[in-house]
Amino acid sequence: MPARPGRRRSEESRRAILAAAYELLTETGYARLTVEGIAARAGTGKQTVYRWWPGRADVLLEAVTVHARRHIPQPDTGDHAADLRAFLGATFAAATPPTVEALRALMAEAQIDPAFGERFRATLLAPRREALGALVSRAHVAGALAAHLTPDDAVDLAFGALWYRLLATREPLDDRLAALLTRTLLR
């Protein structure tokens with residue numbers, strides 16, 4: 001999310017705010033997470049947080065987006081199964097307890113706040129979809145994608161399984177699921 005007008009962001013303050021949001025989310029849950037609490041934990045003023053983000057959901061959105069970029073590789077080794085398995089495995093491994101809590105809260109917020117929902121889709125979902133889409137598109141061009149699937153269908157199936165487990169069943173996101181999806185999506 002682009003910075004709001006005003007003083008330039010201090011990278012140190014930004015990192016402290018994002019870390020504080022994760023810590024407090026883990027300790028208190030989303031319902032009790034406040035901008036005031038985030039600012040106090042980060043050692044900044046709440047006006048600093050509001051200068052850069054509209055509210056707590058957007059702070060978490062940036063924290064999750066940064067986490068995903070940092071922990072999920074975009075492999076391109078030519079081995080489509082290995083690349084897909086590595087991407088899915090890293091995606092699932094990045095779903096640590098605070099990240100899972102954040103994703104659930106962000107998805108809920110996106111359902112009740114249309115403006116936030118647009119930011120959520122543009123900031124987190126679209127780039128993750130693009131990243132996986134690039135992998136399955138390469139597999140499709142090489143003839144390795146399951147014949148009955150389009151790249152978009154493959155992405156929907158993979159992320160559908162992820163979100164179903166996160167939101168509905170709370171079953172683990174693990175290597176077994178990464179392997180199952182890889183076998184299902186590829187020939």
# chains A, B, ... in the order shown; residues from 1 in each chain; ligands from 1
>>> residues_around(residues="segment 171-183 of chain A", least_positions_apart="6", cutoff="10 Å", atoms="only C-alpha atoms", output="MDAnalysis selection string")
chainID A and resid 80:96 145:146 154 157:158 161:165
>>> closest_atom_pairs(of="segment 41-149 of chain A", to="segment 11-30 of chain A", cutoff="9 Å", atoms="only C-alpha atoms", output="JSON lines")
{"residue": "A:Arg41", "atom": "CA", "partner": "A:Ala20", "partner_atom": "CA", "distance": 5.6}
{"residue": "A:Ala42", "atom": "CA", "partner": "A:Ala16", "partner_atom": "CA", "distance": 5.0}
{"residue": "A:Gly43", "atom": "CA", "partner": "A:Ala16", "partner_atom": "CA", "distance": 7.8}
{"residue": "A:Thr44", "atom": "CA", "partner": "A:Ser13", "partner_atom": "CA", "distance": 7.1}
{"residue": "A:Thr48", "atom": "CA", "partner": "A:Ser13", "partner_atom": "CA", "distance": 8.8}
{"residue": "A:Val49", "atom": "CA", "partner": "A:Ile17", "partner_atom": "CA", "distance": 7.5}
{"residue": "A:Trp52", "atom": "CA", "partner": "A:Arg14", "partner_atom": "CA", "distance": 8.9}
{"residue": "A:Arg56", "atom": "CA", "partner": "A:Ala21", "partner_atom": "CA", "distance": 7.9}
{"residue": "A:Ala57", "atom": "CA", "partner": "A:Tyr30", "partner_atom": "CA", "distance": 8.9}
{"residue": "A:Val59", "atom": "CA", "partner": "A:Leu18", "partner_atom": "CA", "distance": 6.5}
{"residue": "A:Leu60", "atom": "CA", "partner": "A:Ala21", "partner_atom": "CA", "distance": 6.4}
{"residue": "A:Glu62", "atom": "CA", "partner": "A:Leu18", "partner_atom": "CA", "distance": 7.5}
{"residue": "A:Ala63", "atom": "CA", "partner": "A:Leu18", "partner_atom": "CA", "distance": 5.3}
{"residue": "A:Val64", "atom": "CA", "partner": "A:Leu18", "partner_atom": "CA", "distance": 8.9}
{"residue": "A:Pro97", "atom": "CA", "partner": "A:Thr26", "partner_atom": "CA", "distance": 7.7}
{"residue": "A:Pro98", "atom": "CA", "partner": "A:Thr26", "partner_atom": "CA", "distance": 5.5}
{"residue": "A:Thr99", "atom": "CA", "partner": "A:Tyr22", "partner_atom": "CA", "distance": 7.8}
{"residue": "A:Glu101", "atom": "CA", "partner": "A:Leu25", "partner_atom": "CA", "distance": 7.4}
{"residue": "A:Ala102", "atom": "CA", "partner": "A:Leu25", "partner_atom": "CA", "distance": 7.3}
{"residue": "A:Ala105", "atom": "CA", "partner": "A:Tyr30", "partner_atom": "CA", "distance": 6.4}
>>> decode(residues="segment 52-64 of chain A", atoms="all heavy atoms", output="PDB file, in the first residue's frame")
ATOM      1  N   TRP A  52       0.241   6.505   7.827  1.00  0.00           N
ATOM      2  CA  TRP A  52       0.681   5.548   6.811  1.00  0.00           C
ATOM      3  C   TRP A  52      -0.362   4.507   6.442  1.00  0.00           C
ATOM      4  O   TRP A  52      -0.300   3.921   5.367  1.00  0.00           O
ATOM      5  CB  TRP A  52       1.949   4.852   7.277  1.00  0.00           C
ATOM      6  CG  TRP A  52       3.109   5.788   7.465  1.00  0.00           C
ATOM      7  CD1 TRP A  52       3.330   6.976   6.841  1.00  0.00           C
ATOM      8  CD2 TRP A  52       4.201   5.612   8.358  1.00  0.00           C
ATOM      9  NE1 TRP A  52       4.497   7.545   7.276  1.00  0.00           N
ATOM     10  CE2 TRP A  52       5.065   6.720   8.217  1.00  0.00           C
ATOM     11  CE3 TRP A  52       4.553   4.627   9.262  1.00  0.00           C
ATOM     12  CZ2 TRP A  52       6.228   6.871   8.926  1.00  0.00           C
ATOM     13  CZ3 TRP A  52       5.729   4.765   9.979  1.00  0.00           C
ATOM     14  CH2 TRP A  52       6.550   5.881   9.810  1.00  0.00           C
ATOM     15  N   TRP A  53      -1.302   4.227   7.340  1.00  0.00           N
ATOM     16  CA  TRP A  53      -2.323   3.205   7.098  1.00  0.00           C
ATOM     17  C   TRP A  53      -3.676   3.726   7.576  1.00  0.00           C
ATOM     18  O   TRP A  53      -3.749   4.406   8.595  1.00  0.00           O
ATOM     19  CB  TRP A  53      -2.016   1.917   7.861  1.00  0.00           C
ATOM     20  CG  TRP A  53      -0.765   1.225   7.446  1.00  0.00           C
ATOM     21  CD1 TRP A  53      -0.592   0.416   6.368  1.00  0.00           C
ATOM     22  CD2 TRP A  53       0.509   1.261   8.118  1.00  0.00           C
ATOM     23  NE1 TRP A  53       0.705  -0.060   6.331  1.00  0.00           N
ATOM     24  CE2 TRP A  53       1.408   0.449   7.397  1.00  0.00           C
ATOM     25  CE3 TRP A  53       0.986   1.892   9.270  1.00  0.00           C
ATOM     26  CZ2 TRP A  53       2.720   0.249   7.775  1.00  0.00           C
ATOM     27  CZ3 TRP A  53       2.299   1.700   9.647  1.00  0.00           C
ATOM     28  CH2 TRP A  53       3.157   0.892   8.902  1.00  0.00           C
ATOM     29  N   PRO A  54      -4.772   3.338   6.893  1.00  0.00           N
ATOM     30  CA  PRO A  54      -6.100   3.776   7.336  1.00  0.00           C
ATOM     31  C   PRO A  54      -6.535   3.179   8.676  1.00  0.00           C
ATOM     32  O   PRO A  54      -7.347   3.761   9.379  1.00  0.00           O
ATOM     33  CB  PRO A  54      -7.038   3.298   6.227  1.00  0.00           C
ATOM     34  CG  PRO A  54      -6.171   3.054   5.052  1.00  0.00           C
ATOM     35  CD  PRO A  54      -4.815   2.701   5.580  1.00  0.00           C
ATOM     36  N   GLY A  55      -6.015   2.007   9.027  1.00  0.00           N
ATOM     37  CA  GLY A  55      -6.414   1.378  10.278  1.00  0.00           C
ATOM     38  C   GLY A  55      -5.688   0.061  10.492  1.00  0.00           C
ATOM     39  O   GLY A  55      -4.798  -0.311   9.730  1.00  0.00           O
ATOM     40  N   ARG A  56      -6.110  -0.665  11.505  1.00  0.00           N
ATOM     41  CA  ARG A  56      -5.418  -1.885  11.912  1.00  0.00           C
ATOM     42  C   ARG A  56      -5.417  -2.953  10.821  1.00  0.00           C
ATOM     43  O   ARG A  56      -4.432  -3.671  10.652  1.00  0.00           O
ATOM     44  CB  ARG A  56      -6.032  -2.437  13.188  1.00  0.00           C
ATOM     45  CG  ARG A  56      -7.455  -2.926  12.990  1.00  0.00           C
ATOM     46  CD  ARG A  56      -8.119  -3.371  14.255  1.00  0.00           C
ATOM     47  NE  ARG A  56      -9.486  -3.778  13.926  1.00  0.00           N
ATOM     48  CZ  ARG A  56     -10.203  -4.559  14.657  1.00  0.00           C
ATOM     49  NH1 ARG A  56      -9.723  -5.012  15.798  1.00  0.00           N
ATOM     50  NH2 ARG A  56     -11.426  -4.881  14.295  1.00  0.00           N
ATOM     51  N   ALA A  57      -6.510  -3.077  10.082  1.00  0.00           N
ATOM     52  CA  ALA A  57      -6.565  -4.094   9.032  1.00  0.00           C
ATOM     53  C   ALA A  57      -5.498  -3.835   7.969  1.00  0.00           C
ATOM     54  O   ALA A  57      -4.862  -4.767   7.476  1.00  0.00           O
ATOM     55  CB  ALA A  57      -7.954  -4.138   8.396  1.00  0.00           C
ATOM     56  N   ASP A  58      -5.279  -2.582   7.615  1.00  0.00           N
ATOM     57  CA  ASP A  58      -4.277  -2.260   6.599  1.00  0.00           C
ATOM     58  C   ASP A  58      -2.852  -2.472   7.112  1.00  0.00           C
ATOM     59  O   ASP A  58      -1.966  -2.836   6.336  1.00  0.00           O
ATOM     60  CB  ASP A  58      -4.486  -0.842   6.087  1.00  0.00           C
ATOM     61  CG  ASP A  58      -5.721  -0.765   5.207  1.00  0.00           C
ATOM     62  OD1 ASP A  58      -5.624  -1.141   4.026  1.00  0.00           O
ATOM     63  OD2 ASP A  58      -6.780  -0.370   5.710  1.00  0.00           O
ATOM     64  N   VAL A  59      -2.640  -2.263   8.405  1.00  0.00           N
ATOM     65  CA  VAL A  59      -1.322  -2.576   8.988  1.00  0.00           C
ATOM     66  C   VAL A  59      -1.071  -4.069   8.849  1.00  0.00           C
ATOM     67  O   VAL A  59      -0.008  -4.499   8.382  1.00  0.00           O
ATOM     68  CB  VAL A  59      -1.232  -2.143  10.467  1.00  0.00           C
ATOM     69  CG1 VAL A  59       0.104  -2.573  11.063  1.00  0.00           C
ATOM     70  CG2 VAL A  59      -1.424  -0.648  10.621  1.00  0.00           C
ATOM     71  N   LEU A  60      -2.048  -4.881   9.239  1.00  0.00           N
ATOM     72  CA  LEU A  60      -1.902  -6.332   9.115  1.00  0.00           C
ATOM     73  C   LEU A  60      -1.764  -6.764   7.664  1.00  0.00           C
ATOM     74  O   LEU A  60      -1.000  -7.675   7.360  1.00  0.00           O
ATOM     75  CB  LEU A  60      -3.103  -7.040   9.734  1.00  0.00           C
ATOM     76  CG  LEU A  60      -3.081  -7.203  11.233  1.00  0.00           C
ATOM     77  CD1 LEU A  60      -4.358  -7.880  11.706  1.00  0.00           C
ATOM     78  CD2 LEU A  60      -1.877  -7.983  11.693  1.00  0.00           C
ATOM     79  N   LEU A  61      -2.499  -6.131   6.777  1.00  0.00           N
ATOM     80  CA  LEU A  61      -2.409  -6.464   5.357  1.00  0.00           C
ATOM     81  C   LEU A  61      -0.980  -6.273   4.854  1.00  0.00           C
ATOM     82  O   LEU A  61      -0.433  -7.140   4.167  1.00  0.00           O
ATOM     83  CB  LEU A  61      -3.385  -5.610   4.550  1.00  0.00           C
ATOM     84  CG  LEU A  61      -3.381  -5.801   3.042  1.00  0.00           C
ATOM     85  CD1 LEU A  61      -3.674  -7.251   2.659  1.00  0.00           C
ATOM     86  CD2 LEU A  61      -4.394  -4.855   2.399  1.00  0.00           C
ATOM     87  N   GLU A  62      -0.363  -5.167   5.211  1.00  0.00           N
ATOM     88  CA  GLU A  62       1.020  -4.965   4.782  1.00  0.00           C
ATOM     89  C   GLU A  62       1.946  -5.972   5.440  1.00  0.00           C
ATOM     90  O   GLU A  62       2.853  -6.505   4.797  1.00  0.00           O
ATOM     91  CB  GLU A  62       1.498  -3.544   5.072  1.00  0.00           C
ATOM     92  CG  GLU A  62       2.905  -3.329   4.535  1.00  0.00           C
ATOM     93  CD  GLU A  62       3.373  -1.900   4.534  1.00  0.00           C
ATOM     94  OE1 GLU A  62       2.549  -0.970   4.554  1.00  0.00           O
ATOM     95  OE2 GLU A  62       4.602  -1.707   4.502  1.00  0.00           O
ATOM     96  N   ALA A  63       1.726  -6.259   6.716  1.00  0.00           N
ATOM     97  CA  ALA A  63       2.586  -7.222   7.417  1.00  0.00           C
ATOM     98  C   ALA A  63       2.517  -8.597   6.755  1.00  0.00           C
ATOM     99  O   ALA A  63       3.550  -9.244   6.522  1.00  0.00           O
ATOM    100  CB  ALA A  63       2.182  -7.314   8.884  1.00  0.00           C
ATOM    101  N   VAL A  64       1.311  -9.049   6.410  1.00  0.00           N
ATOM    102  CA  VAL A  64       1.144 -10.351   5.765  1.00  0.00           C
ATOM    103  C   VAL A  64       1.742 -10.347   4.364  1.00  0.00           C
ATOM    104  O   VAL A  64       2.379 -11.311   3.940  1.00  0.00           O
ATOM    105  CB  VAL A  64      -0.350 -10.748   5.735  1.00  0.00           C
ATOM    106  CG1 VAL A  64      -0.586 -11.954   4.847  1.00  0.00           C
ATOM    107  CG2 VAL A  64      -0.840 -11.032   7.144  1.00  0.00           C
TER     108      VAL A  64
END
